[in-house]
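> my_file-v8.cif (mmCIF, C-alpha atoms and all ligand atoms) pasted underneath:
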data_upload
loop_
_atom_site.label_atom_id
_atom_site.label_comp_id
_atom_site.auth_asym_id
_atom_site.auth_seq_id
_atom_site.Cartn_x
_atom_site.Cartn_y
_atom_site.Cartn_z
CA MET A 1320 -2.38 15.33 -57.49
CA THR A 1321 -4.12 15.67 -60.86
CA ARG A 1322 -4.69 12.42 -62.72
CA PRO A 1323 -1.62 11.49 -64.73
CA VAL A 1324 -1.70 11.08 -68.49
CA VAL A 1325 1.14 8.92 -69.79
CA ARG A 1326 2.10 7.32 -73.04
CA PHE A 1327 3.97 4.25 -74.15
CA ALA A 1328 5.56 5.02 -77.50
CA PRO A 1329 7.02 1.99 -79.26
CA SER A 1330 8.38 2.13 -82.81
CA PRO A 1331 6.81 -0.66 -84.88
CA THR A 1332 10.16 -1.55 -86.41
CA GLY A 1333 10.36 -4.89 -84.59
CA ARG A 1334 8.63 -7.01 -82.01
CA LEU A 1335 8.19 -6.15 -78.31
CA HIS A 1336 10.83 -7.45 -75.92
CA VAL A 1337 11.01 -7.39 -72.14
CA GLY A 1338 12.81 -4.02 -72.23
CA ASN A 1339 9.99 -2.16 -73.97
CA VAL A 1340 7.37 -4.11 -72.06
CA ARG A 1341 8.88 -2.94 -68.79
CA THR A 1342 8.51 0.67 -69.93
CA ALA A 1343 4.91 -0.02 -70.95
CA LEU A 1344 4.20 -1.73 -67.65
CA ILE A 1345 5.65 1.03 -65.50
CA ASN A 1346 3.61 3.61 -67.40
CA TRP A 1347 0.52 1.45 -67.03
CA LEU A 1348 0.96 0.71 -63.32
CA PHE A 1349 1.64 4.34 -62.51
CA SER A 1350 -1.31 5.74 -64.47
CA ARG A 1351 -3.86 3.07 -63.51
CA GLY A 1352 -2.86 3.30 -59.87
CA GLN A 1353 -3.86 6.99 -59.92
CA GLN A 1354 -6.97 6.62 -62.10
CA GLY A 1355 -5.03 8.28 -64.89
CA LYS A 1356 -4.86 7.69 -68.62
CA PHE A 1357 -2.55 5.37 -70.57
CA ILE A 1358 -2.06 6.25 -74.21
CA LEU A 1359 -0.46 3.98 -76.81
CA ARG A 1360 1.44 6.10 -79.31
CA ILE A 1361 2.78 4.34 -82.38
CA ASP A 1362 6.09 6.00 -83.33
CA ASP A 1363 5.98 5.20 -87.02
CA THR A 1364 7.55 8.29 -88.56
CA ASP A 1365 10.20 6.04 -90.06
CA LEU A 1366 7.97 4.93 -92.89
CA GLU A 1367 10.53 2.51 -94.30
CA ARG A 1368 11.29 0.51 -91.19
CA SER A 1369 7.83 0.63 -89.58
CA THR A 1370 5.35 -2.07 -90.56
CA LYS A 1371 1.64 -2.61 -89.91
CA GLU A 1372 2.45 -6.20 -89.07
CA ASN A 1373 4.71 -5.13 -86.19
CA GLU A 1374 2.09 -2.63 -85.06
CA GLU A 1375 -0.59 -5.32 -84.98
CA ALA A 1376 1.76 -7.72 -83.20
CA LEU A 1377 2.61 -5.21 -80.48
CA LYS A 1378 -1.08 -4.53 -79.89
CA VAL A 1379 -1.71 -8.26 -79.58
CA ASP A 1380 1.20 -8.55 -77.12
CA LEU A 1381 0.07 -5.63 -74.95
CA THR A 1382 -3.48 -6.97 -74.88
CA TRP A 1383 -2.23 -10.43 -73.93
CA LEU A 1384 -0.25 -8.87 -71.06
CA GLY A 1385 -3.35 -6.96 -69.94
CA LEU A 1386 -1.75 -3.57 -70.67
CA THR A 1387 -4.79 -2.09 -72.34
CA TRP A 1388 -4.86 1.53 -73.46
CA ASP A 1389 -7.41 4.32 -73.22
CA ASP A 1390 -6.43 5.86 -76.50
CA THR A 1391 -4.02 5.20 -79.36
CA PHE A 1392 -2.75 7.13 -82.34
CA ASN A 1393 -0.06 6.95 -85.00
CA GLN A 1394 2.59 9.56 -85.54
CA SER A 1395 2.33 8.93 -89.28
CA ASP A 1396 -1.12 10.58 -89.17
CA ARG A 1397 0.23 13.73 -87.60
CA PHE A 1398 2.78 15.16 -90.03
CA ALA A 1399 0.68 18.33 -90.47
CA SER A 1400 1.05 19.09 -86.75
CA TYR A 1401 4.81 18.52 -86.89
CA ASP A 1402 5.03 20.81 -89.93
CA ALA A 1403 3.07 23.50 -88.08
CA ALA A 1404 5.34 23.17 -85.02
CA SER A 1405 8.47 23.44 -87.20
CA ASP A 1406 7.09 26.57 -88.83
CA ARG A 1407 6.58 28.11 -85.41
CA LEU A 1408 10.12 27.22 -84.37
CA ARG A 1409 11.46 28.72 -87.63
CA GLU A 1410 9.54 31.92 -86.97
CA MET A 1411 11.05 32.08 -83.49
CA GLY A 1412 14.51 31.64 -85.01
CA LEU A 1413 14.94 28.36 -83.16
CA LEU A 1414 15.08 26.07 -86.19
CA TYR A 1415 17.81 26.83 -88.70
CA PRO A 1416 18.91 25.26 -91.98
CA CYS A 1417 22.31 23.56 -92.25
CA TYR A 1418 23.97 22.28 -95.40
CA GLU A 1419 26.96 20.26 -94.22
CA THR A 1420 27.22 16.75 -95.56
CA ALA A 1421 27.83 13.83 -93.21
CA ASP A 1422 31.48 13.77 -94.34
CA GLU A 1423 31.95 17.48 -93.66
CA LEU A 1424 30.47 17.08 -90.19
CA ASP A 1425 32.78 14.18 -89.55
CA VAL A 1426 35.82 16.28 -90.46
CA LYS A 1427 34.62 19.07 -88.12
CA ARG A 1428 34.21 16.58 -85.29
CA LYS A 1429 37.70 15.20 -85.81
CA ILE A 1430 39.25 18.67 -85.88
CA ALA A 1431 37.46 19.63 -82.65
CA GLN A 1432 38.62 16.44 -80.98
CA SER A 1433 42.21 16.89 -82.10
CA ARG A 1434 42.16 20.33 -80.48
CA GLY A 1435 40.86 18.81 -77.26
CA ARG A 1436 37.42 20.35 -77.69
CA PRO A 1437 34.14 18.45 -77.32
CA PRO A 1438 32.73 17.44 -80.72
CA VAL A 1439 29.91 19.96 -80.58
CA TYR A 1440 28.46 21.39 -83.80
CA ASP A 1441 30.05 24.83 -84.39
CA ARG A 1442 26.84 26.49 -85.68
CA ALA A 1443 28.63 27.64 -88.83
CA ALA A 1444 25.28 27.48 -90.64
CA LEU A 1445 23.93 30.28 -88.46
CA SER A 1446 26.23 32.75 -90.21
CA LEU A 1447 25.15 31.83 -93.73
CA THR A 1448 23.57 34.73 -95.59
CA ALA A 1449 20.51 34.37 -97.81
CA ASP A 1450 22.89 34.50 -100.80
CA ASP A 1451 25.08 31.74 -99.35
CA ARG A 1452 22.04 29.55 -98.89
CA ALA A 1453 20.72 30.24 -102.38
CA LYS A 1454 24.12 29.30 -103.78
CA LEU A 1455 24.26 26.04 -101.85
CA GLU A 1456 20.75 25.16 -102.93
CA ALA A 1457 21.60 25.97 -106.54
CA GLU A 1458 24.39 23.37 -106.20
CA GLY A 1459 21.64 20.88 -105.37
CA ARG A 1460 22.20 20.82 -101.60
CA LYS A 1461 19.15 20.42 -99.42
CA PRO A 1462 19.11 21.66 -95.84
CA HIS A 1463 18.69 19.65 -92.69
CA TRP A 1464 17.28 21.62 -89.76
CA ARG A 1465 18.74 22.06 -86.31
CA PHE A 1466 17.10 23.27 -83.12
CA LYS A 1467 19.00 26.15 -81.53
CA LEU A 1468 19.67 25.22 -77.92
CA SER A 1469 19.77 28.05 -75.39
CA GLY A 1470 23.24 27.20 -74.07
CA GLU A 1471 21.80 27.29 -70.56
CA ARG A 1472 21.65 24.59 -67.96
CA ILE A 1473 18.44 22.56 -68.09
CA GLU A 1474 17.38 21.05 -64.81
CA TRP A 1475 14.64 18.69 -63.79
CA ASN A 1476 13.88 16.45 -60.88
CA ASP A 1477 13.70 13.00 -62.38
CA LEU A 1478 11.23 10.76 -60.55
CA VAL A 1479 13.72 7.89 -60.70
CA ARG A 1480 17.14 9.50 -61.05
CA GLY A 1481 16.65 12.51 -58.80
CA PRO A 1482 17.95 15.99 -59.69
CA GLN A 1483 19.29 16.11 -63.26
CA SER A 1484 21.14 18.84 -65.03
CA ILE A 1485 22.22 19.07 -68.67
CA ASP A 1486 24.47 21.87 -69.86
CA THR A 1487 23.09 22.56 -73.32
CA SER A 1488 26.22 24.43 -74.31
CA SER A 1489 28.06 21.12 -74.21
CA VAL A 1490 25.83 19.35 -76.72
CA SER A 1491 25.24 19.87 -80.42
CA ASP A 1492 22.09 21.58 -81.61
CA PRO A 1493 19.98 18.51 -82.43
CA ILE A 1494 18.85 17.86 -85.98
CA LEU A 1495 15.05 17.79 -86.00
CA ILE A 1496 14.45 17.41 -89.75
CA ARG A 1497 16.62 15.47 -92.19
CA GLU A 1498 17.58 16.56 -95.70
CA ASP A 1499 14.78 14.53 -97.23
CA GLY A 1500 12.27 16.38 -95.04
CA SER A 1501 11.70 13.43 -92.67
CA TYR A 1502 11.48 13.99 -88.92
CA LEU A 1503 13.78 12.51 -86.34
CA TYR A 1504 12.06 11.34 -83.18
CA THR A 1505 12.81 14.44 -81.05
CA LEU A 1506 10.26 17.00 -82.28
CA PRO A 1507 7.25 14.75 -83.07
CA SER A 1508 7.48 13.28 -79.59
CA VAL A 1509 7.29 16.72 -77.96
CA VAL A 1510 4.47 17.92 -80.23
CA ASP A 1511 2.47 14.78 -79.40
CA ASP A 1512 3.17 15.03 -75.69
CA ILE A 1513 1.87 18.60 -75.71
CA ASP A 1514 -1.23 17.81 -77.78
CA ALA A 1515 -2.10 14.70 -75.76
CA GLY A 1516 -1.65 16.56 -72.47
CA ILE A 1517 1.02 14.15 -71.24
CA THR A 1518 1.81 14.88 -67.60
CA HIS A 1519 4.63 12.34 -67.13
CA VAL A 1520 7.18 11.08 -69.65
CA VAL A 1521 8.30 7.67 -68.40
CA ARG A 1522 10.93 5.91 -70.50
CA GLY A 1523 14.31 4.18 -70.48
CA GLU A 1524 17.43 6.03 -69.40
CA ASP A 1525 18.84 5.84 -72.93
CA HIS A 1526 16.63 8.89 -73.49
CA VAL A 1527 18.07 11.04 -70.69
CA THR A 1528 20.29 12.98 -73.07
CA ASN A 1529 17.32 13.76 -75.34
CA SER A 1530 15.56 15.34 -72.42
CA GLY A 1531 17.65 18.51 -72.35
CA ALA A 1532 16.73 19.45 -75.91
CA GLN A 1533 13.18 18.19 -75.53
CA ILE A 1534 12.55 20.28 -72.43
CA GLU A 1535 13.69 23.36 -74.36
CA ILE A 1536 11.38 22.48 -77.23
CA PHE A 1537 8.50 21.98 -74.77
CA MET A 1538 9.17 25.42 -73.38
CA ALA A 1539 9.40 26.99 -76.83
CA LEU A 1540 6.17 25.39 -78.04
CA GLY A 1541 3.97 24.79 -75.10
CA GLY A 1542 5.20 26.38 -71.94
CA LYS A 1543 5.84 23.64 -69.44
CA ALA A 1544 7.62 20.31 -69.78
CA PRO A 1545 6.00 17.22 -68.24
CA GLU A 1546 7.50 15.40 -65.27
CA MET A 1547 10.15 12.92 -66.31
CA ALA A 1548 11.14 9.46 -65.12
CA HIS A 1549 14.00 7.55 -66.72
CA THR A 1550 14.36 3.92 -65.68
CA PRO A 1551 17.68 2.05 -65.69
CA LEU A 1552 18.28 -0.41 -68.49
CA LEU A 1553 17.68 -4.11 -68.20
CA VAL A 1554 20.58 -6.53 -68.11
CA GLY A 1555 20.81 -10.30 -67.63
CA ALA A 1556 21.34 -11.96 -64.24
CA ASP A 1557 25.12 -11.80 -64.77
CA GLY A 1558 25.05 -8.06 -65.47
CA ASN A 1559 25.63 -8.45 -69.21
CA ALA A 1560 23.30 -7.62 -72.08
CA LEU A 1561 20.21 -9.76 -72.51
CA SER A 1562 21.23 -11.39 -75.78
CA LYS A 1563 20.88 -15.16 -76.10
CA ARG A 1564 18.70 -15.38 -73.03
CA ILE A 1565 15.00 -15.74 -72.43
CA GLY A 1566 15.04 -12.00 -71.83
CA SER A 1567 16.09 -11.44 -75.45
CA LEU A 1568 13.03 -13.23 -76.81
CA SER A 1569 10.03 -11.37 -78.17
CA MET A 1570 6.70 -11.43 -76.33
CA GLY A 1571 5.34 -13.72 -79.05
CA GLU A 1572 8.15 -16.20 -78.39
CA LEU A 1573 7.66 -16.03 -74.63
CA ARG A 1574 3.93 -16.63 -75.14
CA ALA A 1575 4.69 -19.63 -77.38
CA ARG A 1576 6.98 -21.02 -74.69
CA GLY A 1577 4.06 -20.97 -72.29
CA TYR A 1578 4.96 -18.09 -69.99
CA GLU A 1579 2.04 -16.59 -68.10
CA PRO A 1580 1.56 -12.86 -68.71
CA MET A 1581 1.53 -12.25 -64.97
CA ALA A 1582 4.87 -14.03 -64.54
CA ILE A 1583 6.38 -11.59 -67.03
CA CYS A 1584 4.60 -8.59 -65.49
CA SER A 1585 5.47 -9.61 -61.92
CA HIS A 1586 9.13 -9.97 -62.79
CA LEU A 1587 9.29 -6.73 -64.78
CA ALA A 1588 7.42 -4.75 -62.12
CA LYS A 1589 9.67 -5.90 -59.29
CA LEU A 1590 13.18 -6.23 -60.72
CA GLY A 1591 15.47 -3.38 -59.91
CA THR A 1592 13.11 -2.22 -57.12
CA SER A 1593 13.27 -2.44 -53.36
CA ASP A 1594 10.40 -4.98 -53.35
CA ASN A 1595 10.99 -8.73 -53.31
CA ILE A 1596 10.57 -10.54 -56.61
CA GLU A 1597 7.31 -12.37 -55.99
CA ALA A 1598 4.48 -13.51 -58.21
CA ARG A 1599 1.29 -11.48 -58.25
CA ALA A 1600 -1.83 -12.87 -59.87
CA THR A 1601 -3.24 -9.54 -61.06
CA LEU A 1602 -2.03 -6.24 -62.45
CA GLU A 1603 -4.21 -4.49 -59.87
CA GLN A 1604 -2.06 -5.97 -57.09
CA LEU A 1605 1.08 -4.72 -58.86
CA CYS A 1606 -0.55 -1.28 -59.21
CA GLY A 1607 -1.12 -1.05 -55.49
CA GLU A 1608 2.55 -1.78 -54.84
CA PHE A 1609 4.05 0.50 -57.51
CA ALA A 1610 6.05 3.62 -56.65
CA PHE A 1611 8.78 5.43 -58.60
CA SER A 1612 10.67 5.83 -55.33
CA LYS A 1613 11.13 2.04 -55.15
CA ILE A 1614 13.03 1.91 -58.47
CA GLY A 1615 16.79 1.83 -57.96
CA ARG A 1616 19.40 3.47 -60.17
CA ALA A 1617 21.50 0.39 -60.89
CA PRO A 1618 20.78 -1.63 -64.03
CA ALA A 1619 17.84 -3.95 -63.39
CA ARG A 1620 18.57 -7.66 -63.66
CA PHE A 1621 16.23 -9.81 -65.65
CA ASP A 1622 16.81 -13.33 -64.41
CA ASP A 1623 15.56 -16.27 -66.51
CA ALA A 1624 15.53 -18.48 -63.40
CA ASP A 1625 13.36 -15.94 -61.55
CA LEU A 1626 10.94 -15.81 -64.45
CA ASN A 1627 10.60 -19.60 -64.42
CA SER A 1628 10.02 -19.77 -60.70
CA LEU A 1629 7.44 -16.95 -60.85
CA ASN A 1630 5.69 -18.83 -63.61
CA GLY A 1631 5.70 -21.99 -61.52
CA ALA A 1632 4.41 -20.11 -58.48
CA LEU A 1633 1.45 -18.79 -60.50
CA VAL A 1634 0.70 -22.19 -62.03
CA HIS A 1635 0.80 -23.88 -58.60
CA GLU A 1636 -2.00 -21.62 -57.37
CA MET A 1637 -4.07 -21.51 -60.53
CA PRO A 1638 -7.72 -22.43 -60.05
CA PHE A 1639 -9.10 -25.11 -62.34
CA GLU A 1640 -11.58 -22.75 -64.00
CA THR A 1641 -8.73 -20.52 -65.14
CA VAL A 1642 -7.02 -23.35 -67.00
CA ARG A 1643 -9.96 -25.53 -68.00
CA GLU A 1644 -9.86 -24.51 -71.66
CA ARG A 1645 -6.14 -24.88 -71.96
CA LEU A 1646 -6.27 -28.33 -70.37
CA THR A 1647 -9.07 -29.35 -72.72
CA ALA A 1648 -6.88 -28.29 -75.63
CA ILE A 1649 -4.07 -30.48 -74.29
CA ASP A 1650 -6.21 -33.59 -73.80
CA ALA A 1651 -9.85 -34.22 -72.91
CA ARG A 1652 -8.72 -36.38 -69.99
CA ALA A 1653 -6.80 -33.43 -68.52
CA ALA A 1654 -9.95 -31.34 -68.20
CA SER A 1655 -10.90 -32.47 -64.70
CA GLU A 1656 -10.45 -30.57 -61.48
CA ALA A 1657 -9.10 -33.63 -59.64
CA PHE A 1658 -6.41 -34.07 -62.31
CA TRP A 1659 -5.41 -30.40 -62.21
CA LEU A 1660 -5.31 -30.17 -58.41
CA ALA A 1661 -3.22 -33.34 -58.28
CA ILE A 1662 -0.57 -32.20 -60.75
CA ARG A 1663 -0.43 -28.38 -60.73
CA GLU A 1664 2.31 -28.19 -58.11
CA ASN A 1665 4.48 -30.33 -60.32
CA CYS A 1666 4.14 -27.98 -63.29
CA THR A 1667 6.26 -24.94 -64.13
CA PHE A 1668 4.09 -24.35 -67.21
CA VAL A 1669 0.46 -25.28 -67.79
CA ALA A 1670 1.69 -27.25 -70.81
CA ASP A 1671 3.59 -29.56 -68.45
CA ALA A 1672 0.17 -31.11 -67.80
CA ALA A 1673 0.66 -33.07 -71.05
CA GLY A 1674 3.42 -35.15 -69.47
CA TRP A 1675 1.18 -35.97 -66.51
CA VAL A 1676 -1.65 -37.02 -68.83
CA GLU A 1677 0.74 -39.57 -70.27
CA THR A 1678 1.93 -40.70 -66.84
CA ILE A 1679 -1.55 -41.04 -65.40
CA PHE A 1680 -3.72 -42.13 -68.31
CA GLY A 1681 -1.16 -43.51 -70.74
CA ALA A 1682 1.22 -46.40 -70.48
CA PRO A 1683 4.45 -45.30 -68.78
CA ALA A 1684 7.01 -48.07 -68.55
CA PRO A 1685 7.02 -49.27 -64.92
CA VAL A 1686 10.44 -49.12 -63.28
CA VAL A 1687 11.05 -52.01 -60.88
CA ALA A 1688 14.47 -52.67 -59.37
CA GLU A 1689 15.64 -56.24 -58.98
CA GLU A 1690 15.41 -56.12 -55.20
CA ASP A 1691 11.80 -54.83 -55.36
CA ARG A 1692 10.40 -57.42 -57.76
CA GLU A 1693 8.89 -59.65 -55.17
CA PHE A 1694 7.49 -56.74 -53.17
CA ILE A 1695 5.81 -55.23 -56.24
CA ALA A 1696 4.48 -58.59 -57.41
CA GLY A 1697 2.83 -59.09 -54.02
CA ALA A 1698 1.54 -55.53 -53.65
CA ALA A 1699 -1.62 -56.01 -55.72
CA ALA A 1700 -2.99 -58.46 -53.19
CA HIS A 1701 -3.17 -55.68 -50.57
CA LEU A 1702 -4.82 -53.04 -52.75
CA PRO A 1703 -8.07 -51.98 -51.05
CA ALA A 1704 -11.15 -53.40 -52.72
CA GLY A 1705 -13.50 -51.31 -54.87
CA ASP A 1706 -12.93 -47.95 -56.51
CA LEU A 1707 -9.72 -46.22 -55.53
CA THR A 1708 -10.19 -42.99 -53.58
CA SER A 1709 -7.94 -40.45 -51.92
CA GLU A 1710 -7.90 -42.74 -48.85
CA SER A 1711 -6.72 -45.79 -50.75
CA TRP A 1712 -3.01 -44.96 -50.79
CA SER A 1713 -2.66 -44.79 -47.03
CA ALA A 1714 -4.82 -47.89 -46.48
CA TRP A 1715 -2.75 -49.77 -49.08
CA THR A 1716 0.67 -48.71 -47.80
CA ASN A 1717 -0.36 -49.43 -44.18
CA ALA A 1718 -1.41 -52.93 -45.17
CA LEU A 1719 1.88 -53.42 -47.09
CA LYS A 1720 3.89 -52.16 -44.15
CA ALA A 1721 2.23 -54.65 -41.85
CA ALA A 1722 2.68 -57.49 -44.34
CA THR A 1723 6.28 -56.83 -45.43
CA GLY A 1724 7.87 -54.81 -42.64
CA ARG A 1725 8.94 -52.20 -45.25
CA LYS A 1726 8.59 -48.57 -44.31
CA GLY A 1727 9.46 -45.03 -45.42
CA ARG A 1728 11.27 -44.69 -48.71
CA GLY A 1729 11.74 -48.45 -49.12
CA LEU A 1730 7.96 -48.80 -49.04
CA PHE A 1731 6.81 -45.79 -51.07
CA MET A 1732 9.48 -45.40 -53.72
CA PRO A 1733 9.18 -48.83 -55.38
CA LEU A 1734 5.41 -48.29 -55.65
CA ARG A 1735 5.80 -44.82 -57.10
CA LYS A 1736 8.35 -46.04 -59.66
CA ALA A 1737 6.24 -49.02 -60.64
CA LEU A 1738 3.10 -46.89 -61.06
CA THR A 1739 4.56 -43.79 -62.67
CA GLY A 1740 7.99 -44.78 -63.97
CA MET A 1741 9.43 -41.84 -62.00
CA GLU A 1742 11.02 -41.05 -58.66
CA HIS A 1743 9.27 -37.73 -58.21
CA GLY A 1744 5.80 -36.48 -58.86
CA PRO A 1745 2.46 -35.55 -57.40
CA ASP A 1746 1.14 -36.90 -54.16
CA MET A 1747 0.39 -40.63 -54.62
CA SER A 1748 -2.90 -40.36 -52.68
CA ALA A 1749 -4.18 -38.06 -55.42
CA LEU A 1750 -2.64 -40.07 -58.26
CA LEU A 1751 -4.01 -43.45 -57.31
CA PRO A 1752 -7.71 -42.69 -57.94
CA LEU A 1753 -6.77 -40.90 -61.20
CA ILE A 1754 -4.78 -43.88 -62.47
CA GLY A 1755 -7.63 -46.17 -61.46
CA ARG A 1756 -7.73 -49.75 -60.31
CA GLU A 1757 -7.33 -51.38 -63.69
CA LYS A 1758 -4.16 -49.51 -64.66
CA VAL A 1759 -2.69 -49.85 -61.20
CA LEU A 1760 -3.02 -53.61 -61.44
CA GLN A 1761 -1.54 -53.62 -64.96
CA ARG A 1762 1.46 -51.59 -63.88
CA LEU A 1763 2.14 -53.83 -60.93
CA GLY A 1764 2.57 -56.58 -63.53
N1 LIG B 1801 9.80 5.64 -79.85
C1 LIG B 1801 10.70 6.00 -78.79
C2 LIG B 1801 11.42 4.74 -78.33
O1 LIG B 1801 10.88 3.66 -78.48
C3 LIG B 1801 9.95 6.65 -77.67
C4 LIG B 1801 10.78 7.26 -76.61
C5 LIG B 1801 9.95 8.08 -75.63
O2 LIG B 1801 9.23 7.44 -74.85
O3 LIG B 1801 10.03 9.30 -75.63
O4 LIG B 1801 12.52 4.78 -77.87
#
Would you encode the structure as structure tokens?
Ligand code: GLU

Amino acid sequence: MTRPVVRFAPSPTGRLHVGNVRTALINWLFSRGQQGKFILRIDDTDLERSTKENEEALKVDLTWLGLTWDDTFNQSDRFASYDAASDRLREMGLLYPCYETADELDVKRKIAQSRGRPPVYDRAALSLTADDRAKLEAEGRKPHWRFKLSGERIEWNDLVRGPQSIDTSSVSDPILIREDGSYLYTLPSVVDDIDAGITHVVRGEDHVTNSGAQIEIFMALGGKAPEMAHTPLLVGADGNALSKRIGSLSMGELRARGYEPMAICSHLAKLGTSDNIEARATLEQLCGEFAFSKIGRAPARFDDADLNSLNGALVHEMPFETVRERLTAIDARAASEAFWLAIRENCTFVADAAGWVETIFGAPAPVVAEEDREFIAGAAAHLPAGDLTSESWSAWTNALKAATGRKGRGLFMPLRKALTGMEHGPDMSALLPLIGREKVLQRLG
């Protein structure tokens, strides 16, 4: 197979969300897995709604996720190419001017529907004579331009959806250029895909219906259409839209909440596929496991709970060197390997380390139940002498067991609560040396 060339083509009209990131990720995993090329195309033909700020933000987000690109360009720099392509289509008789207003089109649609016909544009503009057009333009009307579909059946073998077929006689000739001369997305995308040598168009299934017209435009302008893959949409765990969930947050918000890029990428690479949803520490691992054939056709469920547990799974395994800087930023006392190894399994997010800094090095209020008062008051006497080490906890609790007859939970839990103020937490053998003799004695009262 020749090396694939793919593109991720976001519109900088807002921030990146998990839905667009999944499309970016699938493109990236597919192309990198085959030593191909990943192009970032900025779809900013809508000059009013696109902003440089959004463009910068999406580049920051993609870089943070590790989805780096080999090349990038903006559609707003390429109007001359789109103009040239429209001229060619006009010469071929495939792009024709129409003068109906939105209201007139609406009336036509309603009439068609009332007669039980599909609301397909009737191509009335094709029968306008040069005189008719001159008259309309003299009235101040400006044309919009439609692509003349062949009326044939367009077929392709979608890499995710399997064999697809669109009857172009059942859809309206798409408008490629608006009255004000601006381009809709359809034509620029094809012109760019041809010029960039795109071999595979990989995008969400909301674009399936565009594919019929786009394949015809590819054939008119360039010969062959690329391979296509349309992935099912993302929904929440309950099957409904992602609104009001973590999945509706932007990448910037997810980053601020402390999610690891690989938790997001692991979840997005695996959901809706035949693979288990498991954390992977690197994109390269995800690349090795990627295949279009694993992607199912049902909507893919983005589960907030899964994302959290993937994040936790990554944090639990994270080597100290990977987090050293972040721990230093939290608190100088957190920047030790012993601290990190003691607490990491009790963190879902790296930022959870802050709570453990307080528990270990701060002054948590000891919790001592009435029936444990005497036991706790006498416990200090059995603490092994000298500096506390990882052996001290078992030596101490063995001595206490022998002295008091307490065992199991009745032995360990009162000590844990007195020393940490909590019922759960890291292994006490690791905590004891971190808390240190002085604080242990203080907390025992
Ligand atoms: N800018 C389009 C979008 O974000 C690109 C679609 C495509 O990949 O062809 O929906």
> Check the smallest atom-to-atom distance from each of A:Gly1764, A:Lys1720, A:Glu1644, A:Ser1585 to A:Val1686 using all atoms listed in the file, then report the winner.
A:Gly1764
> List as a list in words the protein and nucleic acid residues lying within 8 Å of ligand LIG 1801 (chain B), with all atoms listed in the file counted.
Arg1326, Phe1327, Ala1328, Pro1329, Ser1330, Asn1339, Ile1361, Asp1362, Tyr1504, Thr1505, Ser1508, Val1520, Val1521, Arg1522, Gly1523 and His1526 of chain A
> Can you work out which one of A:Ser1567, A:Ser1395, A:Asn1559, A:Thr1332 has the shortest atom-to-atom distance to A:Arg1360, counting only C-alpha atoms?
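Answer, going by the shortest atom-to-atom distance: A:Ser1395.
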> Within 9 Å of A:Leu1468, counting all atoms listed in the file, which residues show up once you throw out same-chain ones fewer than 6 positions away? Write them as a list in words, please.
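Within the cut-off, the hits are Leu1413, Thr1487, Ser1488, Val1490, Ser1491, Asp1492, Pro1493, Gly1531, Ala1532, Glu1535 and Ile1536 of chain A.
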> If we count all atoms listed in the file and set the cut-off at 12 Å, which residues sit around A:Gly1338, ignoring sequence neighbours fewer than 6 positions away in its own chain? Please answer as a VMD selection string.
chain A and resid 1329 1344 to 1345 1522 to 1525 1550 to 1555 1560 to 1562 1565 to 1570 1583 to 1584 1586 to 1588 1590 1618 to 1621
> Please list as a ChimeraX atom specification every residue within 9 Å of A:Pro1638, counting all atoms listed in the file and excluding residues in the same chain fewer than 6 positions away.
/A:1656,1659-1660
> Contacts of A:Leu1573 at 12 Å or less, counting all atoms listed in the file, minus same-chain residues fewer than 6 places along, as a list in words?
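Surrounding residues, per the criterion: Arg1334, Leu1335, His1336, Val1337, Asp1380, Trp1383, Leu1384, Arg1564, Ile1565, Gly1566, Ser1567, Glu1579, Pro1580, Ala1582, Ile1583, Asp1623, Leu1626, Asn1627, Asn1630 and Phe1668 of chain A.
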> Which residue, A:Arg1452, A:Ala1653, A:Met1581, A:Lys1356, has the smallest gap to A:Leu1602 when you use all atoms listed in the file?
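Result for the nearest residue to A:Leu1602: A:Met1581.
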> If you measure from atom CA of A:Asp1499 to atom CA of A:Pro1462, what distance in Å do you get, rounded to one decimal?
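Interatomic distance, atom CA of A:Asp1499 to atom CA of A:Pro1462: 8.5 Å.
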> What separation in Å, quoted to one decimal, exists between atom CA of A:Phe1658 and atom CA of A:Gly1727?
25.6 Å
> How many Å lie between atom CA of A:Asp1396 and atom CA of A:Leu1495, rounded to one decimal?
18.0 Å
> Would you please work out which residue, of A:Asp1451, A:Asp1671, A:Asp1441, A:Glu1546, is nearest to A:Asp1477 when using all atoms listed in the file?
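Of the candidates, the smallest distance to A:Asp1477 is held by A:Glu1546.
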> So that I can see what lies close to A:Gly1333, please list as an MDAnalysis selection string the residues with an atom at most 12 Å from it, counting only C-alpha atoms and leaving out residues fewer than 6 positions away in the same chain.
chainID A and resid 1339 1362:1363 1368:1377 1568:1571
> Could you write those residues out with C-alpha atoms, as a compact mmCIF listing (two decimals), in the coordinates of the input?

# COMPACT_ATOMS: atom_id res chain seq x y z
CA ASN A 1339 9.99 -2.16 -73.97
CA ASP A 1362 6.09 6.00 -83.33
CA ASP A 1363 5.98 5.20 -87.02
CA ARG A 1368 11.29 0.51 -91.19
CA SER A 1369 7.83 0.63 -89.58
CA THR A 1370 5.35 -2.07 -90.56
CA LYS A 1371 1.64 -2.61 -89.91
CA GLU A 1372 2.45 -6.20 -89.07
CA ASN A 1373 4.71 -5.13 -86.19
CA GLU A 1374 2.09 -2.63 -85.06
CA GLU A 1375 -0.59 -5.32 -84.98
CA ALA A 1376 1.76 -7.72 -83.20
CA LEU A 1377 2.61 -5.21 -80.48
CA LEU A 1568 13.03 -13.23 -76.81
CA SER A 1569 10.03 -11.37 -78.17
CA MET A 1570 6.70 -11.43 -76.33
CA GLY A 1571 5.34 -13.72 -79.05
